[in-house]
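Below is one structure, written out as structure tokens; the observations come after it.
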Amino acid sequence: MDKALRHRIIGLAFLFAVMLLSIPAFAQPARPAVPTDIIGEWRLENNEDDTTAQPPLGDYTGIPFNDAGRMRSDTTPESIWGTPEYQCRPHSAPHQWRGLGGARILKEQDPLTREASVYHIQFMRSLDRPIFMDGRRHPPAWAPHTWTGFSTGQWIGNTLKITTTHLKDGYLKRGGPQTSDMYSMTEYLTRHVDILSIVTVIDDPIYMEEPYVHSTTYAYDPTSVVNTETCNASAFAENGGTNRHWVPHFLPGQNKAWTEWLKNEPWVPEVAVRGGAKTIYPEYRSTLNGGSLAALNVPISKSAFAVNQRVQSQSPKDGQVHVMPVQGNIYMLVADGVNIAASIGPDGVMLVNTGTAEMSQKVLTTLNELVNNVMASPAPNRCFGTRCPGTWGWSSPYVNAVINSPATPKPIRYIANTSGSAEHIGGNEKLASSGFFPRGGGFGSAVANPGRAASIVAHENVLVRMSTTTGKAAPAPAAAAMPTDTFFDELHKMPNFVNGEAVIFYSAPAANTDGDSLVFFRGSEVIAAGNVFSTVSYPVIELDKGGSIQGVIAGLNKILDLAVAEYRSQGGTLVIPGHGRLSDTADVASYRNMMVMIHDRIKDMVDKNMTLAQVKAARPTMDFDGRYGSTTGAWTTDMFLEAAYRSIKEKK
Amino acid sequence: MRSRTLLLVFAATLFATTMATAQRGGGGGGGRGAALAARQSAPIDLTGYWVSMITEDWKLRMVTPGKGVYDALVLNPAGRKAADSWDPAADEKSGDLCKGYGAPALMRLPTRLHVTWENDNTLRVEADTGTQTRMFYFGAAAPPAGEPSLQGRSVAQWELAAGQRGQPAAGNLKVTTTNLKAGYIRKNGAPYSDKTTVTEFFDLHALPNGDQWISITTRVDDPAYFSRTMTNTTDFKKLPNATGWNPTPCSAR
């Protein structure tokens, strides 16, 4: 090739390359393609009193509390931390950025793209908190809640927006102001040189009139170290002496100490310390000179979600069956709002409750699919050649394994009924008759097992209730739906391991009815609680069937006696409620605490000879009604109050 | 010789590319982005009416705390000494009613803001409390420093954020304020001096309920009265209109 021509070609190629390089430079905005780095050690650097100091008891200034939030906070003392279930509780999520000890942010990378797939945020008194950046969805509403919740992140410019759901109930600030377990938290993290600004939005319409927004700042400090506060508390009720079930609380109006701090800060008006949305807008100052707070009009914002929907979404009445793996052998089936526990393993299936009759076919279909997936899914052969061990030696095990179908899963062997409630036994007949109990006839023979069906196990009062017509509309269940094996003691063990573990029934006498029981899968560490525990309503107490509020509390305490948290008061033994989300010890403790508080409030009123109408008018459940109450449906707050009142009055 | 020519062509192309890129950037505040005015290159819209939400330090902001309450401040001994001599009556007598409304303290007061573009390169921020006005000057728009004043001289710049190609522009506003007259960082007489510098970062967030909020991260440096930099964050919610706008005069108490 001619030298000049060659130079010309090289030159043109060179120019073309430069032009190519130039094109993206023009097309791109003048900003880096990678978000700001936020990983590292951060030190709390904030000159705000609310950040650096624990607020005094009763200081709700700046919090848009509603009446329920105030009542809940006034009646919940800090000594609730002394209860065994809360002793290892980490700081609640809204307080974490304001707790002492700094923060550490770590990053997991996608190995191919090197983009952040997960950020981890750690505080001194916290669990590791993952922030998923990979676009995954939040879990369904019936998934467990944790102290740090489930968080996903998204970069918006230089700001990391974090959305957190599935949070447990806790507190906004150490020492007092409470949250429900239905709140969402949204955070915005923005780095400004060496300062990290964090804006936190807590949206809790159960306890707040509008979302609560606060912010704080951290300074980058590679020399700081975030210590880990491990929990080694002796799980003993600090405040209740030998009573491990003691729940410290104030009766409404009994907490007289909430204004004591005003002696030291006399310039603060007493009315303002109760919080409320109107107190946080500048125009509140007009009331300091005698203006009317009631007449004050401020531009209150709304919650981003409908709280009733959020509560009910834990127990969707959608005509569907949703499956949630629990742990070990156990799965939770959410069947049109009713929970069924299923143990699936080599022995077959054991169900705890069967849902409604209307859902039984869908439950059976879903269960069959689930069992096939769990027990009989084709899997790649991992054993081939002469090294493959086997009874038959060298006989083409590779080929055999490939051409063989998986074995047919074993059928339903046992059904446990935690009560005789129609919503839990409605599927007995269909599901039991689809199953098979090899010994036939029932091993307890309370009722002859009609053919080759699964065995149905329950407290004997369930059989009594099912066999006795109530005189009302409900027809007696078919014989095939009746318990075939009953027990009457405080506990009953399944005679053999089921799917490799012990299964033990614990009677919860006089709880929702006189036949309730808890079913404990001892190897999987799962308790099916039946109607003793719900995350979507007050407990259904059927006085005419022997139920009582005292029995419900005793049943909840029994669960807490059996259950053990995995770490820092969460996880570990999991509890499947009759309705609602999968739970753990802290969730049951929260529900138990509420029941004790309500019991004691009503008892105090009964002791003062108040009538049922007066008790209802006094609204002793006001701080919990937004979360568990209802004015419509089969079980209203009024019905619950009446049941609680009568069971307390009759016991008196 | 030919190689030299090629090199020259390459250098010229690279220069043209660099210039074009720099001009298109438009950001960087007063620096390299001369092609676009601040208003046109704004990555966030701060204009409109905003209300401060007193969710933090309520008892130190909504009401004036008593003399000697310096919680959360970083006063050094000289600062404390000056604070301890606070005499609101004397301020009233001398007409110094607005000492607690200067730039280092104004955003922390319960107030509404009205933010508008004064011109293409100047953002005007009015506060109804104390009827104060701050001017944020971008780039060359900043006038020369004159006499120190309550609101000082504020130089602003957009800080363009990182982001993916094709995403809308994002970023924040950085404002540096100097040339301040001495005043009170808290209305109970806790002082800042005329040597104070205020650095503020304005971030805009869209909340899940549809609200828009500004979060202002503020750093106040005062070598005379502070032992170290004072840092806090203050939050404002956007309002649909001027309802509630209530200009009130300064108060010394």
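Labels used: A, B, ... for chains in the order of the structure tokens, numbers from 1 for residues in each chain, and numbers from 1 for ligands as shown.
Neighbouring residues of region 148-156 of chain B at 6 Å or closer, counting only C-alpha atoms and skipping chain neighbours under 3 positions away, are Gly102, Ala103, Arg134, Phe136, Tyr137, Phe138, Lys174, Val175, Thr176, Thr177, Thr178, Asn179, Leu180 and Lys181 of chain B.
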Output N, CA and C atoms for every residue in the selection just made, as a PDB file, in the first residue's frame.
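What follows is the written file out.pdb:
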```
ATOM      1  N   GLY B 102     -31.590  36.329  61.667  1.00  0.00           N
ATOM      2  CA  GLY B 102     -30.540  36.334  60.653  1.00  0.00           C
ATOM      3  C   GLY B 102     -30.425  34.990  59.938  1.00  0.00           C
ATOM      4  N   ALA B 103     -29.645  35.006  58.880  1.00  0.00           N
ATOM      5  CA  ALA B 103     -29.542  33.805  58.030  1.00  0.00           C
ATOM      6  C   ALA B 103     -29.172  32.528  58.788  1.00  0.00           C
ATOM      7  N   ARG B 134     -34.159  36.651  51.958  1.00  0.00           N
ATOM      8  CA  ARG B 134     -32.802  36.247  51.608  1.00  0.00           C
ATOM      9  C   ARG B 134     -32.703  36.170  50.080  1.00  0.00           C
ATOM     10  N   PHE B 136     -30.426  34.489  47.019  1.00  0.00           N
ATOM     11  CA  PHE B 136     -29.386  33.517  46.675  1.00  0.00           C
ATOM     12  C   PHE B 136     -28.886  33.846  45.269  1.00  0.00           C
ATOM     13  N   TYR B 137     -27.640  34.261  45.200  1.00  0.00           N
ATOM     14  CA  TYR B 137     -27.076  34.694  43.915  1.00  0.00           C
ATOM     15  C   TYR B 137     -26.257  33.568  43.294  1.00  0.00           C
ATOM     16  N   PHE B 138     -26.555  33.286  42.048  1.00  0.00           N
ATOM     17  CA  PHE B 138     -25.809  32.259  41.311  1.00  0.00           C
ATOM     18  C   PHE B 138     -24.710  32.923  40.503  1.00  0.00           C
ATOM     19  N   LYS B 174     -26.728  24.342  46.811  1.00  0.00           N
ATOM     20  CA  LYS B 174     -25.786  24.667  47.892  1.00  0.00           C
ATOM     21  C   LYS B 174     -25.707  26.186  48.013  1.00  0.00           C
ATOM     22  N   VAL B 175     -25.818  26.680  49.214  1.00  0.00           N
ATOM     23  CA  VAL B 175     -25.787  28.121  49.442  1.00  0.00           C
ATOM     24  C   VAL B 175     -24.759  28.419  50.531  1.00  0.00           C
ATOM     25  N   THR B 176     -23.874  29.334  50.236  1.00  0.00           N
ATOM     26  CA  THR B 176     -22.865  29.737  51.224  1.00  0.00           C
ATOM     27  C   THR B 176     -23.081  31.213  51.565  1.00  0.00           C
ATOM     28  N   THR B 177     -23.257  31.472  52.837  1.00  0.00           N
ATOM     29  CA  THR B 177     -23.598  32.832  53.263  1.00  0.00           C
ATOM     30  C   THR B 177     -22.514  33.385  54.179  1.00  0.00           C
ATOM     31  N   THR B 178     -22.045  34.553  53.823  1.00  0.00           N
ATOM     32  CA  THR B 178     -21.034  35.254  54.631  1.00  0.00           C
ATOM     33  C   THR B 178     -21.462  36.713  54.756  1.00  0.00           C
ATOM     34  N   ASN B 179     -20.558  37.529  55.237  1.00  0.00           N
ATOM     35  CA  ASN B 179     -20.817  38.977  55.363  1.00  0.00           C
ATOM     36  C   ASN B 179     -22.043  39.254  56.245  1.00  0.00           C
ATOM     37  N   LEU B 180     -22.079  38.514  57.332  1.00  0.00           N
ATOM     38  CA  LEU B 180     -23.230  38.609  58.235  1.00  0.00           C
ATOM     39  C   LEU B 180     -22.982  39.609  59.362  1.00  0.00           C
ATOM     40  N   LYS B 181     -24.054  40.218  59.763  1.00  0.00           N
ATOM     41  CA  LYS B 181     -24.039  40.998  61.005  1.00  0.00           C
ATOM     42  C   LYS B 181     -24.243  40.019  62.159  1.00  0.00           C
TER      43      LYS B 181
END
```
Give me, as a compact mmCIF listing (two decimals) with N, CA and C atoms, in the first residue's frame, all polymer residues having an atom no more than 12 Å from Pro495 (chain A), counting only C-alpha atoms and skipping those fewer than 3 positions away in the same chain.
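Output below, filename around-v3.txt:
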```txt
# COMPACT_ATOMS: atom_id res chain seq x y z
N TYR A 414 -52.99 -36.73 59.08
CA TYR A 414 -53.62 -36.19 60.29
C TYR A 414 -54.17 -34.79 60.02
N PHE A 443 -57.06 -44.08 66.21
CA PHE A 443 -56.34 -44.76 67.28
C PHE A 443 -56.92 -44.45 68.65
N GLY A 444 -57.73 -43.44 68.74
CA GLY A 444 -58.39 -43.17 70.01
C GLY A 444 -59.83 -43.67 69.97
N VAL A 457 -57.71 -34.95 64.93
CA VAL A 457 -57.37 -34.89 66.35
C VAL A 457 -57.78 -33.53 66.91
N ASP A 485 -60.06 -38.62 67.01
CA ASP A 485 -59.22 -38.85 68.19
C ASP A 485 -59.23 -37.60 69.05
N HIS A 492 -51.27 -33.07 74.88
CA HIS A 492 -51.44 -34.36 74.21
C HIS A 492 -50.35 -34.48 73.16
N VAL A 498 -44.07 -37.07 63.64
CA VAL A 498 -44.73 -36.82 62.36
C VAL A 498 -43.72 -36.06 61.50
N GLU A 501 -40.59 -35.22 63.56
CA GLU A 501 -40.57 -34.34 64.73
C GLU A 501 -41.77 -34.62 65.64
N ALA A 502 -41.61 -34.20 66.88
CA ALA A 502 -42.70 -34.33 67.83
C ALA A 502 -43.75 -33.27 67.55
N VAL A 503 -44.99 -33.65 67.71
CA VAL A 503 -46.09 -32.70 67.58
C VAL A 503 -46.91 -32.79 68.86
N ILE A 504 -47.04 -31.68 69.54
CA ILE A 504 -47.68 -31.69 70.86
C ILE A 504 -48.84 -30.69 70.86
N PHE A 505 -49.97 -31.15 71.36
CA PHE A 505 -51.13 -30.27 71.54
C PHE A 505 -51.11 -29.72 72.96
```
Item checked: Nearest to chain B, chosen from A:Arg191, A:Lys256, A:Arg125, A:Lys558, with only C-alpha atoms counted in the distances -> A:Arg191
Check: Which neighbours of Thr163 (chain A) fall inside 10 Å, counting only C-alpha atoms, when residues of the same chain fewer than 4 positions from it are skipped, and could you give them as a PyMOL selection string?
Finding: (chain A and resi 131-132+138+149-154+184-188+201) or (chain B and resi 208)
For Asn246 (chain B): contacts at 8 Å, only C-alpha atoms, fewer than 5 positions along chain excluded, given as a PDB file with N, CA and C atoms, in the first residue's frame:
```pdb
ATOM      1  N   ARG B 112     -43.294  30.403  57.249  1.00  0.00           N
ATOM      2  CA  ARG B 112     -43.559  29.994  55.880  1.00  0.00           C
ATOM      3  C   ARG B 112     -42.537  30.678  54.986  1.00  0.00           C
ATOM      4  N   ASP B 128     -42.193  34.705  56.202  1.00  0.00           N
ATOM      5  CA  ASP B 128     -43.223  35.582  56.761  1.00  0.00           C
ATOM      6  C   ASP B 128     -42.921  35.961  58.206  1.00  0.00           C
ATOM      7  N   THR B 129     -42.207  35.095  58.905  1.00  0.00           N
ATOM      8  CA  THR B 129     -41.866  35.481  60.272  1.00  0.00           C
ATOM      9  C   THR B 129     -40.744  36.511  60.232  1.00  0.00           C
TER      10      THR B 129
END
```
Notebook entry, point to check: Running DSSP on the backbone, which parts of region 122-243 of chain B land in strand (DSSP E), as a PyMOL selection string?
Noted result: chain B and resi 122-127+132-138+153-160+171-178+183-184+191-192+197-206+212-221+230-239
Margin query: Show me, as a VMD selection string, the residues that have an atom within 10 Å of region 545-550 of chain A when counting only C-alpha atoms, minus same-chain residues fewer than 2 positions from it.
Written below: chain A and resid 420 461 465 470 508 to 516 539 to 543 552 to 556 595 to 596 598 to 599 640 to 641 643 to 648 650 to 651
Keeping N, CA and C atoms for every residue in the selection just given, could you write it to a file as a CSV table (one decimal), in the first residue's frame?
```
chain,number,residue,atom,x,y,z
A,420,GLY,N,-63.6,-25.8,67.5
A,420,GLY,CA,-64.7,-26.3,66.7
A,420,GLY,C,-65.2,-25.2,65.8
A,461,ASN,N,-63.6,-31.3,73.8
A,461,ASN,CA,-64.8,-30.3,73.8
A,461,ASN,C,-65.1,-29.9,72.4
A,465,ARG,N,-68.8,-30.0,71.2
A,465,ARG,CA,-69.4,-28.8,70.5
A,465,ARG,C,-70.0,-29.2,69.2
A,470,THR,N,-76.7,-26.5,68.6
A,470,THR,CA,-76.8,-25.3,69.4
A,470,THR,C,-78.2,-24.7,69.5
A,508,ALA,N,-55.8,-24.9,75.6
A,508,ALA,CA,-55.9,-23.5,76.1
A,508,ALA,C,-57.4,-23.4,76.6
A,509,PRO,N,-57.5,-23.8,77.8
A,509,PRO,CA,-58.9,-23.9,78.3
A,509,PRO,C,-59.6,-22.6,78.5
A,510,ALA,N,-60.8,-22.6,78.2
A,510,ALA,CA,-61.7,-21.3,78.4
A,510,ALA,C,-61.0,-20.1,77.7
A,511,ALA,N,-60.5,-20.3,76.5
A,511,ALA,CA,-59.9,-19.2,75.8
A,511,ALA,C,-61.0,-18.6,74.9
A,512,ASN,N,-60.9,-18.9,73.6
A,512,ASN,CA,-62.0,-18.5,72.7
A,512,ASN,C,-63.3,-19.3,73.0
A,513,THR,N,-63.0,-20.6,73.2
A,513,THR,CA,-64.1,-21.5,73.6
A,513,THR,C,-63.5,-22.4,74.7
A,514,ASP,N,-64.2,-23.5,75.1
A,514,ASP,CA,-63.6,-24.4,76.0
A,514,ASP,C,-62.9,-25.5,75.4
A,515,GLY,N,-62.6,-25.4,74.0
A,515,GLY,CA,-62.0,-26.5,73.4
A,515,GLY,C,-60.7,-26.1,72.6
A,516,ASP,N,-60.2,-25.0,72.9
A,516,ASP,CA,-59.1,-24.5,72.1
A,516,ASP,C,-57.8,-25.2,72.4
A,539,PRO,N,-59.5,-11.0,69.8
A,539,PRO,CA,-59.9,-12.4,69.8
A,539,PRO,C,-61.4,-12.6,69.9
A,540,VAL,N,-61.9,-13.6,69.2
A,540,VAL,CA,-63.3,-13.9,69.2
A,540,VAL,C,-63.5,-14.8,70.4
A,541,ILE,N,-64.2,-14.2,71.4
A,541,ILE,CA,-64.5,-14.9,72.7
A,541,ILE,C,-65.9,-15.3,72.7
A,542,GLU,N,-66.2,-16.6,72.6
A,542,GLU,CA,-67.5,-17.1,72.6
A,542,GLU,C,-67.9,-17.5,74.1
A,543,LEU,N,-68.5,-16.6,74.7
A,543,LEU,CA,-68.9,-16.9,76.1
A,543,LEU,C,-69.8,-18.1,76.3
A,552,VAL,N,-58.0,-16.4,77.1
A,552,VAL,CA,-57.2,-16.0,75.9
A,552,VAL,C,-55.8,-15.6,76.4
A,553,ILE,N,-55.8,-14.8,77.5
A,553,ILE,CA,-54.5,-14.3,78.0
A,553,ILE,C,-53.6,-15.5,78.4
A,554,ALA,N,-54.2,-16.5,79.1
A,554,ALA,CA,-53.5,-17.6,79.5
A,554,ALA,C,-53.0,-18.4,78.3
A,555,GLY,N,-53.8,-18.5,77.3
A,555,GLY,CA,-53.3,-19.2,76.0
A,555,GLY,C,-52.1,-18.5,75.4
A,556,LEU,N,-52.2,-17.1,75.4
A,556,LEU,CA,-51.1,-16.4,74.8
A,556,LEU,C,-49.8,-16.5,75.6
A,595,MET,N,-53.9,-7.4,75.4
A,595,MET,CA,-55.0,-8.1,76.1
A,595,MET,C,-55.0,-7.9,77.6
A,596,VAL,N,-53.7,-7.9,78.2
A,596,VAL,CA,-53.6,-7.6,79.6
A,596,VAL,C,-54.0,-6.2,79.9
A,598,ILE,N,-56.1,-4.3,78.3
A,598,ILE,CA,-57.5,-4.1,78.1
A,598,ILE,C,-58.2,-4.8,79.3
A,599,HIS,N,-57.8,-6.0,79.6
A,599,HIS,CA,-58.4,-6.7,80.8
A,599,HIS,C,-58.3,-5.9,82.0
A,640,PHE,N,-66.7,-7.6,71.3
A,640,PHE,CA,-65.5,-8.0,72.1
A,640,PHE,C,-65.5,-7.4,73.5
A,641,LEU,N,-65.9,-6.1,73.5
A,641,LEU,CA,-66.0,-5.4,74.9
A,641,LEU,C,-67.0,-6.1,75.8
A,643,ALA,N,-68.0,-9.3,75.6
A,643,ALA,CA,-67.4,-10.6,76.0
A,643,ALA,C,-66.4,-10.4,77.1
A,644,ALA,N,-65.5,-9.4,77.0
A,644,ALA,CA,-64.5,-9.2,78.0
A,644,ALA,C,-65.1,-8.8,79.3
A,645,TYR,N,-66.1,-7.9,79.2
A,645,TYR,CA,-66.7,-7.3,80.4
A,645,TYR,C,-67.4,-8.5,81.1
A,646,ARG,N,-68.2,-9.3,80.4
A,646,ARG,CA,-68.9,-10.3,81.1
A,646,ARG,C,-68.0,-11.4,81.7
A,647,SER,N,-67.0,-11.7,81.0
A,647,SER,CA,-66.1,-12.8,81.5
A,647,SER,C,-65.4,-12.2,82.8
A,648,ILE,N,-65.1,-11.0,82.8
A,648,ILE,CA,-64.5,-10.4,84.0
A,648,ILE,C,-65.5,-10.3,85.1
A,650,GLU,N,-68.2,-12.0,85.6
A,650,GLU,CA,-68.7,-13.3,86.1
A,650,GLU,C,-67.6,-14.0,87.0
A,651,LYS,N,-66.4,-13.7,86.7
A,651,LYS,CA,-65.3,-14.2,87.5
A,651,LYS,C,-65.2,-13.5,88.8
```
Close residues, region 248-252 of chain B itself excluded, 7 Å, only C-alpha atoms, min 5 positions apart in chain, as a PDB file with N, CA and C atoms, in the first residue's frame:
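This went into selection32.pdb:
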```pdb
ATOM      1  N   PRO B  88     -33.455  41.053  76.471  1.00  0.00           N
ATOM      2  CA  PRO B  88     -34.416  41.379  75.407  1.00  0.00           C
ATOM      3  C   PRO B  88     -34.978  42.781  75.540  1.00  0.00           C
ATOM      4  N   ASP B  91     -32.702  45.039  73.827  1.00  0.00           N
ATOM      5  CA  ASP B  91     -32.858  44.916  72.372  1.00  0.00           C
ATOM      6  C   ASP B  91     -34.091  45.673  71.898  1.00  0.00           C
ATOM      7  N   GLU B  92     -35.135  45.577  72.660  1.00  0.00           N
ATOM      8  CA  GLU B  92     -36.367  46.292  72.285  1.00  0.00           C
ATOM      9  C   GLU B  92     -36.150  47.791  72.333  1.00  0.00           C
ATOM     10  N   LEU B  97     -34.805  44.251  67.146  1.00  0.00           N
ATOM     11  CA  LEU B  97     -35.785  43.185  67.352  1.00  0.00           C
ATOM     12  C   LEU B  97     -35.502  41.955  66.496  1.00  0.00           C
ATOM     13  N   CYS B  98     -34.672  42.131  65.479  1.00  0.00           N
ATOM     14  CA  CYS B  98     -34.525  41.056  64.488  1.00  0.00           C
ATOM     15  C   CYS B  98     -33.228  40.259  64.632  1.00  0.00           C
ATOM     16  N   ASP B 128     -42.193  34.705  56.202  1.00  0.00           N
ATOM     17  CA  ASP B 128     -43.223  35.582  56.761  1.00  0.00           C
ATOM     18  C   ASP B 128     -42.921  35.961  58.206  1.00  0.00           C
ATOM     19  N   THR B 129     -42.207  35.095  58.905  1.00  0.00           N
ATOM     20  CA  THR B 129     -41.866  35.481  60.272  1.00  0.00           C
ATOM     21  C   THR B 129     -40.744  36.511  60.232  1.00  0.00           C
ATOM     22  N   GLY B 130     -40.980  37.613  60.856  1.00  0.00           N
ATOM     23  CA  GLY B 130     -39.980  38.682  60.837  1.00  0.00           C
ATOM     24  C   GLY B 130     -39.885  39.400  59.514  1.00  0.00           C
ATOM     25  N   THR B 131     -40.727  39.010  58.547  1.00  0.00           N
ATOM     26  CA  THR B 131     -40.740  39.602  57.187  1.00  0.00           C
ATOM     27  C   THR B 131     -39.307  39.764  56.647  1.00  0.00           C
TER      28      THR B 131
END
```
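Candidate residues B:Trp58, B:Tyr70, B:Trp245, B:Tyr192 were compared for distance to chain A, and the nearest is B:Trp58, using only C-alpha atoms.
Between CA of Gln212 (chain B) and CA of Ala304 (chain A) there is a distance of 12.9 Å.
Minimum atom-to-atom distance to Phe123 (chain A), evaluated using only C-alpha atoms, belongs to A:Arg98 out of A:Arg592, A:Arg581, A:Arg98, A:Lys362.
Excluding Ala72 (chain B) itself and any same-chain residue fewer than 3 positions from it, the protein and nucleic acid residues within 12 Å of it, counting only C-alpha atoms, are Glu45, Asn46, Asn47, Glu48, Asp49, Asp50, Thr51, Thr52 and Ala53 of chain A; Glu56, Asp57, Lys59, Leu60, Arg61, Val69, Leu75, Ile185, Arg186, Ala190, Phe226, Thr229, Met230, Thr231 and Asn232 of chain B.
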Quick one: write out the picked residues with N, CA and C atoms as an mmCIF file, in the first residue's frame?
```
data_model
loop_
_atom_site.group_PDB
_atom_site.id
_atom_site.type_symbol
_atom_site.label_atom_id
_atom_site.label_comp_id
_atom_site.auth_asym_id
_atom_site.auth_seq_id
_atom_site.Cartn_x
_atom_site.Cartn_y
_atom_site.Cartn_z
ATOM 1 N N GLU A 45 -23.671 13.356 63.916
ATOM 2 C CA GLU A 45 -23.164 14.735 63.967
ATOM 3 C C GLU A 45 -24.371 15.646 63.818
ATOM 4 N N ASN A 46 -25.005 15.900 64.912
ATOM 5 C CA ASN A 46 -26.252 16.638 64.800
ATOM 6 C C ASN A 46 -26.489 17.445 66.052
ATOM 7 N N ASN A 47 -26.684 18.715 65.872
ATOM 8 C CA ASN A 47 -26.904 19.593 67.017
ATOM 9 C C ASN A 47 -28.387 19.873 67.169
ATOM 10 N N GLU A 48 -29.104 18.807 67.487
ATOM 11 C CA GLU A 48 -30.522 18.946 67.783
ATOM 12 C C GLU A 48 -30.788 18.223 69.090
ATOM 13 N N ASP A 49 -31.523 18.860 69.936
ATOM 14 C CA ASP A 49 -31.776 18.288 71.252
ATOM 15 C C ASP A 49 -32.507 16.961 71.137
ATOM 16 N N ASP A 50 -33.422 16.869 70.192
ATOM 17 C CA ASP A 50 -34.206 15.644 70.036
ATOM 18 C C ASP A 50 -33.345 14.466 69.621
ATOM 19 N N THR A 51 -32.193 14.750 69.041
ATOM 20 C CA THR A 51 -31.321 13.669 68.605
ATOM 21 C C THR A 51 -30.425 13.207 69.734
ATOM 22 N N THR A 52 -29.900 14.165 70.448
ATOM 23 C CA THR A 52 -28.851 13.813 71.398
ATOM 24 C C THR A 52 -29.374 13.469 72.778
ATOM 25 N N ALA A 53 -30.612 13.765 73.055
ATOM 26 C CA ALA A 53 -31.116 13.507 74.401
ATOM 27 C C ALA A 53 -32.363 12.644 74.345
ATOM 28 N N GLU B 56 -39.034 18.793 65.188
ATOM 29 C CA GLU B 56 -37.799 18.594 65.952
ATOM 30 C C GLU B 56 -37.544 19.825 66.813
ATOM 31 N N ASP B 57 -37.016 19.572 67.980
ATOM 32 C CA ASP B 57 -36.653 20.675 68.892
ATOM 33 C C ASP B 57 -37.793 21.673 69.055
ATOM 34 N N LYS B 59 -39.578 22.521 71.537
ATOM 35 C CA LYS B 59 -39.552 23.393 72.718
ATOM 36 C C LYS B 59 -38.416 24.410 72.654
ATOM 37 N N LEU B 60 -37.547 24.278 71.662
ATOM 38 C CA LEU B 60 -36.478 25.260 71.486
ATOM 39 C C LEU B 60 -36.745 26.177 70.305
ATOM 40 N N ARG B 61 -37.791 25.853 69.531
ATOM 41 C CA ARG B 61 -38.051 26.612 68.308
ATOM 42 C C ARG B 61 -39.427 27.274 68.309
ATOM 43 N N VAL B 69 -30.656 28.500 78.391
ATOM 44 C CA VAL B 69 -30.930 27.182 77.805
ATOM 45 C C VAL B 69 -30.171 27.082 76.487
ATOM 46 N N LEU B 75 -21.808 26.410 71.887
ATOM 47 C CA LEU B 75 -21.183 27.651 72.327
ATOM 48 C C LEU B 75 -19.875 27.372 73.070
ATOM 49 N N ILE B 185 -28.310 32.891 67.343
ATOM 50 C CA ILE B 185 -28.597 31.594 66.716
ATOM 51 C C ILE B 185 -29.876 31.004 67.315
ATOM 52 N N ARG B 186 -30.175 31.418 68.515
ATOM 53 C CA ARG B 186 -31.437 31.050 69.156
ATOM 54 C C ARG B 186 -32.003 32.325 69.761
ATOM 55 N N ALA B 190 -28.506 33.311 72.531
ATOM 56 C CA ALA B 190 -27.299 32.553 72.170
ATOM 57 C C ALA B 190 -26.739 33.156 70.880
ATOM 58 N N PHE B 226 -18.419 29.688 68.660
ATOM 59 C CA PHE B 226 -18.725 28.252 68.615
ATOM 60 C C PHE B 226 -17.456 27.436 68.863
ATOM 61 N N THR B 229 -18.239 23.237 64.449
ATOM 62 C CA THR B 229 -19.308 23.500 63.490
ATOM 63 C C THR B 229 -20.636 23.002 64.054
ATOM 64 N N MET B 230 -21.662 23.798 63.879
ATOM 65 C CA MET B 230 -22.992 23.381 64.309
ATOM 66 C C MET B 230 -23.753 22.847 63.094
ATOM 67 N N THR B 231 -24.305 21.662 63.233
ATOM 68 C CA THR B 231 -24.984 21.008 62.102
ATOM 69 C C THR B 231 -26.407 20.649 62.497
ATOM 70 N N ASN B 232 -27.330 20.958 61.637
ATOM 71 C CA ASN B 232 -28.691 20.452 61.852
ATOM 72 C C ASN B 232 -29.429 20.392 60.514
#
```
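With only C-alpha atoms as the atoms that count, the residue of B:Leu123, B:Leu113, B:Val198, B:Ala37 with the shortest distance to Thr243 (chain B) is B:Leu113.
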Item checked: Top pick for closest residue to Thr418 (chain A), considering A:Ile527, A:Leu57, A:Ala68, A:Ala294 and counting only C-alpha atoms -> A:Ile527
Notebook entry, point to check: Restricting the calculation to only C-alpha atoms, which member of B:Gly79, B:Gly146, B:Pro110, B:Gly171 is positioned closest to Asn158 (chain A)?
Noted result: B:Gly171
Margin query: Among region 24-211 of chain B, which residues does DSSP mark as helix (DSSP H, G or I) when it is run on the backbone? Keep the chain and numbering as in the structure and answer as a PyMOL selection string.
Written below: chain B and resi 24-25+58-61+77-84+88-94+99-101+103-106+139-141
